[in-house]
Each structure stands twice: as structure tokens, then as C-alpha cells.
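Q: Enclosed is the structure file upload05.cif (mmCIF, C-alpha atoms (C1' of nucleotides)).
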```cif
data_model
loop_
_atom_site.label_atom_id
_atom_site.label_comp_id
_atom_site.auth_asym_id
_atom_site.auth_seq_id
_atom_site.Cartn_x
_atom_site.Cartn_y
_atom_site.Cartn_z
CA LEU J 1 -86.53 -80.48 -57.97
CA LYS J 2 -85.05 -77.35 -59.27
CA ALA J 3 -84.02 -74.38 -57.25
CA GLY J 4 -83.67 -70.71 -57.95
CA ASP J 5 -81.61 -68.77 -55.50
CA GLU J 6 -80.92 -65.21 -56.47
CA GLY J 7 -81.02 -62.77 -53.64
CA GLY J 8 -84.39 -62.41 -51.96
CA GLY J 9 -85.18 -66.05 -51.32
CA LEU J 10 -84.95 -69.66 -52.28
CA LEU J 11 -87.68 -71.47 -54.17
CA LEU J 12 -88.03 -75.16 -54.78
CA PHE J 13 -90.68 -76.56 -57.10
CA PRO J 14 -91.58 -80.11 -58.02
CA ASP J 15 -90.48 -81.21 -61.45
CA TRP J 16 -93.92 -81.03 -63.08
CA ALA J 17 -93.85 -77.30 -62.59
CA TYR J 18 -90.94 -77.11 -64.99
CA LYS J 19 -92.08 -79.46 -67.73
CA PRO J 20 -92.01 -77.63 -71.05
CA ALA J 21 -95.32 -77.02 -72.81
CA TRP J 22 -94.54 -79.37 -75.67
CA SER J 23 -93.67 -82.44 -73.64
CA PRO J 24 -96.37 -85.13 -73.42
CA GLY J 25 -98.76 -84.76 -70.52
CA SER J 26 -97.27 -81.49 -69.54
CA ARG J 27 -98.97 -78.28 -68.64
CA GLN J 28 -98.35 -74.73 -69.62
CA VAL J 29 -96.89 -72.51 -66.95
CA GLN J 30 -99.46 -71.63 -64.33
CA LEU J 31 -99.98 -68.06 -63.22
CA TRP J 32 -99.42 -68.90 -59.55
CA HIS J 33 -96.17 -70.59 -60.43
CA PHE J 34 -95.05 -67.60 -62.45
CA LEU J 35 -95.80 -65.31 -59.52
CA LEU J 36 -93.87 -67.53 -57.12
CA GLU J 37 -90.98 -67.54 -59.56
CA LEU J 38 -90.84 -63.74 -59.68
CA LEU J 39 -91.25 -63.45 -55.93
CA GLY J 40 -88.47 -65.95 -55.38
CA ARG J 41 -86.14 -64.01 -57.60
CA GLY J 42 -86.94 -60.69 -56.02
CA GLU J 43 -87.70 -59.55 -59.58
CA GLY J 44 -87.14 -55.83 -59.23
CA GLY J 45 -90.21 -53.77 -58.66
CA ALA J 46 -93.11 -55.57 -60.37
CA ILE J 47 -94.08 -57.73 -57.41
CA ASP J 48 -92.93 -58.15 -53.85
CA TRP J 49 -93.71 -60.08 -50.70
CA GLY J 50 -96.04 -58.31 -48.30
CA ARG J 51 -96.08 -58.12 -44.54
CA GLU J 52 -97.78 -61.39 -43.76
CA TRP J 53 -96.70 -64.87 -44.68
CA GLY J 54 -97.79 -65.61 -48.25
CA GLU J 55 -98.99 -62.08 -48.86
CA PHE J 56 -97.71 -60.24 -51.89
CA VAL J 57 -98.09 -56.77 -53.30
CA ILE J 58 -98.10 -55.91 -56.96
CA ARG J 59 -95.99 -52.79 -57.14
CA ASP J 60 -96.29 -52.30 -60.88
CA PRO J 61 -99.45 -53.97 -62.21
CA GLU J 62 -98.97 -53.18 -65.89
CA ARG J 63 -95.34 -54.27 -65.81
CA LEU J 64 -96.30 -57.54 -64.17
CA ALA J 65 -98.98 -58.01 -66.82
CA ARG J 66 -96.45 -57.38 -69.57
CA LEU J 67 -94.07 -59.96 -68.08
CA TRP J 68 -96.91 -62.48 -67.83
CA GLY J 69 -97.98 -61.71 -71.38
CA GLU J 70 -94.46 -62.27 -72.65
CA ARG J 71 -94.30 -65.64 -70.92
CA LYS J 72 -97.62 -66.79 -72.33
CA GLY J 73 -97.25 -65.21 -75.74
CA LYS J 74 -100.14 -62.85 -75.12
CA PRO J 75 -98.95 -59.41 -76.21
CA HIS J 76 -102.22 -57.74 -75.24
CA MET J 77 -102.15 -58.86 -71.62
CA ASN J 78 -102.93 -56.19 -69.08
CA TYR J 79 -103.69 -55.98 -65.36
CA ASP J 80 -107.45 -56.11 -65.94
CA LYS J 81 -107.10 -59.54 -67.54
CA LEU J 82 -104.39 -60.80 -65.21
CA SER J 83 -106.44 -59.85 -62.18
CA ARG J 84 -109.42 -61.77 -63.62
CA ALA J 85 -107.20 -64.86 -63.68
CA LEU J 86 -106.22 -64.15 -60.07
CA ARG J 87 -109.89 -63.90 -59.11
CA TYR J 88 -110.51 -67.37 -60.53
CA TYR J 89 -108.06 -68.58 -57.88
CA TYR J 90 -110.38 -67.47 -55.08
CA ASN J 91 -112.76 -70.40 -55.54
CA LYS J 92 -109.87 -72.80 -55.75
CA SER J 93 -108.48 -71.45 -52.48
CA ILE J 94 -105.15 -70.84 -54.13
CA LEU J 95 -105.39 -67.12 -53.44
CA HIS J 96 -107.51 -64.60 -51.70
CA LYS J 97 -107.62 -60.84 -51.71
CA THR J 98 -106.30 -58.85 -48.80
CA LYS J 99 -109.22 -56.50 -48.54
CA GLY J 100 -108.46 -52.84 -48.16
CA LYS J 101 -104.88 -53.20 -49.33
CA ARG J 102 -104.38 -52.09 -52.90
CA PHE J 103 -102.94 -54.68 -55.31
CA THR J 104 -102.44 -57.05 -52.40
CA TYR J 105 -103.22 -60.77 -52.47
CA LYS J 106 -102.31 -63.73 -50.31
CA PHE J 107 -101.35 -67.29 -51.18
CA ASN J 108 -102.95 -70.24 -49.45
CA PHE J 109 -99.86 -72.40 -49.54
CA SER J 110 -101.44 -75.27 -47.66
CA LYS J 111 -104.06 -75.72 -50.38
CA LEU J 112 -102.05 -74.78 -53.43
CA ILE J 113 -100.87 -78.26 -54.39
CA LEU J 114 -103.74 -80.28 -52.99
CA VAL J 115 -106.30 -78.32 -54.91
CA ASN J 116 -104.48 -78.17 -58.18
CA TYR J 117 -102.97 -81.63 -58.28
CA PRO J 118 -105.08 -84.02 -56.22
CA GLY J 119 -103.43 -87.34 -55.57
CA TYR J 120 -100.04 -86.10 -56.57
CA PRO J 121 -97.35 -87.11 -54.07
CA SER J 122 -96.92 -83.44 -53.69
CA PHE J 123 -94.50 -81.18 -52.04
CA LEU J 124 -93.90 -77.51 -52.23
CA ILE J 125 -91.13 -76.09 -50.16
CA LEU J 126 -90.88 -72.37 -49.95
CA VAL J 127 -88.27 -70.68 -47.85
CA GLN J 128 -88.50 -66.98 -47.30
CA LYS J 129 -85.38 -65.37 -45.99
CA GLU J 130 -86.19 -62.22 -44.17
CA GLY J 131 -84.43 -60.27 -41.49
CA ASP J 132 -86.55 -61.74 -38.71
CA GLY J 133 -85.99 -65.35 -39.73
CA SER J 134 -87.24 -67.84 -42.25
CA SER J 135 -90.34 -69.95 -42.69
CA ILE J 136 -90.92 -73.28 -44.35
CA ILE J 137 -94.18 -74.78 -45.54
CA ILE J 138 -94.48 -78.32 -46.80
CA GLY J 139 -97.75 -79.26 -48.43
"C1'" DT Q 140 -110.05 -50.77 -58.05
"C1'" DG Q 141 -112.18 -54.84 -57.54
"C1'" DC Q 142 -115.76 -58.22 -58.66
"C1'" DG Q 143 -117.82 -62.13 -61.20
"C1'" DG Q 144 -120.80 -63.62 -65.46
"C1'" DA Q 145 -120.34 -65.09 -70.08
"C1'" DA Q 146 -118.31 -66.58 -74.35
"C1'" DC Q 147 -114.31 -68.36 -76.04
"C1'" DC Q 148 -109.74 -70.64 -76.76
"C1'" DA Q 149 -105.56 -74.07 -76.56
"C1'" DT G 150 -108.73 -77.21 -67.42
"C1'" DG G 151 -106.65 -72.56 -66.86
"C1'" DG G 152 -106.85 -69.06 -68.30
"C1'" DT G 153 -108.11 -64.83 -72.07
"C1'" DT G 154 -111.15 -61.38 -73.62
"C1'" DC G 155 -114.82 -58.38 -72.77
"C1'" DC G 156 -117.92 -56.06 -69.93
"C1'" DG G 157 -121.56 -54.17 -66.63
"C1'" DC G 158 -121.78 -53.13 -61.97
"C1'" DA G 159 -120.47 -51.21 -57.24
#
```
Written as C-alpha cells, that's how I'd like the structure from this file.
A:
Amino acid sequence: LKAGDEGGGLLLFPDWAYKPAWSPGSRQVQLWHFLLELLGRGEGGAIDWGREWGEFVIRDPERLARLWGERKGKPHMNYDKLSRALRYYYNKSILHKTKGKRFTYKFNFSKLILVNYPGYPSFLILVQKEGDGSSIIIG
DNA sequence: TGCGGAACCA
DNA sequence: TGGTTCCGCA
């Protein structure tokens, strides 16, 4: 496990999430992981947690897209393309759209690992520190 | 803005 | 397999 703790929250991911792209049997960084990473850091402005548990709001869509593009080496990334990738998550139950709220999506934490990595002795611990307390989900 | 098909790529 | 790119539609 690795942890990132800088301000807004604390995020813990299983090791596979951090395996570099070149290592054998590894995967490239997943979009959902990238989003969680930014959310955990409280990465100024581009994306932020929403009101409900797991809900997030994209404050600056094109900036988020640029960040994602930089990570993946896709200089022509934009929100149109990034949002298409997010929509592919609907069928996998990783995400769904919060209808009526602009740029607002919601994670399905309970399904995130199970769907993506079946059979993996999986665990995702996400602690959100907010004024009214903290929550923990273990999948 | 948001959706999902289709072709395509690593 | 997870997107990326492009696009017509509502």
C-alpha cells in the first residue's frame, strides 16, 4: 500500500494501482484511479468532492482533461473525450452520472474493485476527512 | 451538456 | 481491455 496525505484527505491504494506501465503484467494508469488521486490530493480547482459520498464535481473540465492528457501522453485530450471514457464506466458500475447536476458524477466504491479486478484479494480504503466526520469503505 | 455507436489503438 | 478519436443526435 501507498498513501498520499496532502490536505483534503487520505487515500490508500493497493500496490497494483501503482505498478509502472513498463513492468511485466502491469497496467497503465486507469482514469478512475487518476481521478481518485486528484481528489485525494485536493488538487486545486480541477476536481472536487461533491455533497454526497463518492460524488465529485469537475470544476474545470478542460483543465482536468489537460492533466489527464499529460499523464497519458495524449496532448489532444479534451473534456469531450475524457467524458466519453467516463461514460464507459456506467456499464461497469464504476461510475454513474448525477443527473441534473452539471459536471457531476458519482463513484460506486462497492463495485469499483470487484468489477475491475475479479478474484483479486482486493481492498480499497478511502477516508474522506470532512468537517462533519469521516467515512471508510472497504471493498 | 450529455449520450452512446463505431472504428481504432496500445 | 481501457480507453481515444470522431460524430450524429437530443
Q: Excluding DG157 (chain G) and its own-chain neighbours fewer than 6 positions away, which residues fall within 12 Å of it when counting only C-alpha atoms (C1' of nucleotides)? Please give them as a short mmCIF file (atom, residue, chain, number, x, y, z; two decimals) with C-alpha atoms (C1' of nucleotides), in the frame of the given file.
A:
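Generated file (selection.cif):
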```cif
data_model
loop_
_atom_site.label_atom_id
_atom_site.label_comp_id
_atom_site.auth_asym_id
_atom_site.auth_seq_id
_atom_site.Cartn_x
_atom_site.Cartn_y
_atom_site.Cartn_z
"C1'" DC Q 142 -115.76 -58.22 -58.66
"C1'" DG Q 143 -117.82 -62.13 -61.20
"C1'" DG Q 144 -120.80 -63.62 -65.46
"C1'" DA Q 145 -120.34 -65.09 -70.08
#
```
Q: To verify the selection step, state as a count of residues only which residues the PyMOL selection byres ((chain J) within 12 of (chain G)) yields on this input.
A: 29
Q: So which residues get picked by the PyMOL selection byres ((chain J and resi 35) around 12) here, written as an mmCIF file with C-alpha atoms, in the coordinates of the input?
A:
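After the write, part31.cif holds the following:
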```cif
data_model
loop_
_atom_site.group_PDB
_atom_site.id
_atom_site.type_symbol
_atom_site.label_atom_id
_atom_site.label_comp_id
_atom_site.auth_asym_id
_atom_site.auth_seq_id
_atom_site.Cartn_x
_atom_site.Cartn_y
_atom_site.Cartn_z
ATOM 1 C CA LEU J 11 -87.680 -71.470 -54.170
ATOM 2 C CA VAL J 29 -96.890 -72.510 -66.950
ATOM 3 C CA GLN J 30 -99.460 -71.630 -64.330
ATOM 4 C CA LEU J 31 -99.980 -68.060 -63.220
ATOM 5 C CA TRP J 32 -99.420 -68.900 -59.550
ATOM 6 C CA HIS J 33 -96.170 -70.590 -60.430
ATOM 7 C CA PHE J 34 -95.050 -67.600 -62.450
ATOM 8 C CA LEU J 36 -93.870 -67.530 -57.120
ATOM 9 C CA GLU J 37 -90.980 -67.540 -59.560
ATOM 10 C CA LEU J 38 -90.840 -63.740 -59.680
ATOM 11 C CA LEU J 39 -91.250 -63.450 -55.930
ATOM 12 C CA GLY J 40 -88.470 -65.950 -55.380
ATOM 13 C CA ARG J 41 -86.140 -64.010 -57.600
ATOM 14 C CA GLY J 42 -86.940 -60.690 -56.020
ATOM 15 C CA GLU J 43 -87.700 -59.550 -59.580
ATOM 16 C CA ALA J 46 -93.110 -55.570 -60.370
ATOM 17 C CA ILE J 47 -94.080 -57.730 -57.410
ATOM 18 C CA ASP J 48 -92.930 -58.150 -53.850
ATOM 19 C CA TRP J 49 -93.710 -60.080 -50.700
ATOM 20 C CA GLY J 54 -97.790 -65.610 -48.250
ATOM 21 C CA GLU J 55 -98.990 -62.080 -48.860
ATOM 22 C CA PHE J 56 -97.710 -60.240 -51.890
ATOM 23 C CA VAL J 57 -98.090 -56.770 -53.300
ATOM 24 C CA ILE J 58 -98.100 -55.910 -56.960
ATOM 25 C CA LEU J 64 -96.300 -57.540 -64.170
ATOM 26 C CA ALA J 65 -98.980 -58.010 -66.820
ATOM 27 C CA LEU J 67 -94.070 -59.960 -68.080
ATOM 28 C CA TRP J 68 -96.910 -62.480 -67.830
ATOM 29 C CA ARG J 71 -94.300 -65.640 -70.920
ATOM 30 C CA LEU J 82 -104.390 -60.800 -65.210
ATOM 31 C CA LEU J 86 -106.220 -64.150 -60.070
ATOM 32 C CA LEU J 95 -105.390 -67.120 -53.440
ATOM 33 C CA TYR J 105 -103.220 -60.770 -52.470
ATOM 34 C CA LYS J 106 -102.310 -63.730 -50.310
ATOM 35 C CA PHE J 107 -101.350 -67.290 -51.180
#
```
Q: To one decimal in Å, tell me the separation between CA of Ser93 (chain J) and CA of Phe109 (chain J).
A: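 Calculated distance between CA of Ser93 (chain J) and CA of Phe109 (chain J) is 9.2 Å.
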Q: Please, what distance in Å, to one decimal, runs between CA of Gly50 (chain J) and CA of Phe103 (chain J)?
A: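 Computed distance, CA of Gly50 (chain J) to CA of Phe103 (chain J), equals 10.5 Å.
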Q: My list of candidates is J:Arg51, J:Asn108, J:Tyr90, J:Arg102. Which is closest to chain Q when distances are computed with all atoms listed in the file?
A: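 Ranking J:Arg51, J:Asn108, J:Tyr90, J:Arg102 by distance to chain Q, first place goes to J:Arg102.
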Q: Find the distance between C1' of DT140 (chain Q) and CA of Lys97 (chain J) and write it in Å to one decimal.
A: 12.1 Å
Q: List as an MDAnalysis selection string: which residues have an atom within 6 Å of (-110.5, -53.3, -53.3), counting all atoms listed in the file?
A: (chainID J and resid 99:100) or (chainID Q and resid 140:141)
Q: Write the residues of the selection above to a file with C-alpha atoms (C1' of nucleotides), as a PDB file, in the coordinates of the input.
A:
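Now in result16.pdb:
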```
ATOM      1  CA  LYS J  99    -109.220 -56.500 -48.540  1.00  0.00           C
ATOM      2  CA  GLY J 100    -108.460 -52.840 -48.160  1.00  0.00           C
TER       3      GLY J 100
ATOM      4  C1'  DT Q 140    -110.050 -50.770 -58.050  1.00  0.00           C
ATOM      5  C1'  DG Q 141    -112.180 -54.840 -57.540  1.00  0.00           C
TER       6       DG Q 141
END
```
Q: Kindly compute an axis-aligned box around the listed atoms of region 52-63 of chain J, allowing 3 Å on each side, and express its centre and edge lengths in Å to one decimal as JSON.
A:
```
{"center_x": -97.4, "center_y": -59.0, "center_z": -54.8, "size_x": 10.1, "size_y": 19.3, "size_z": 28.1}
```
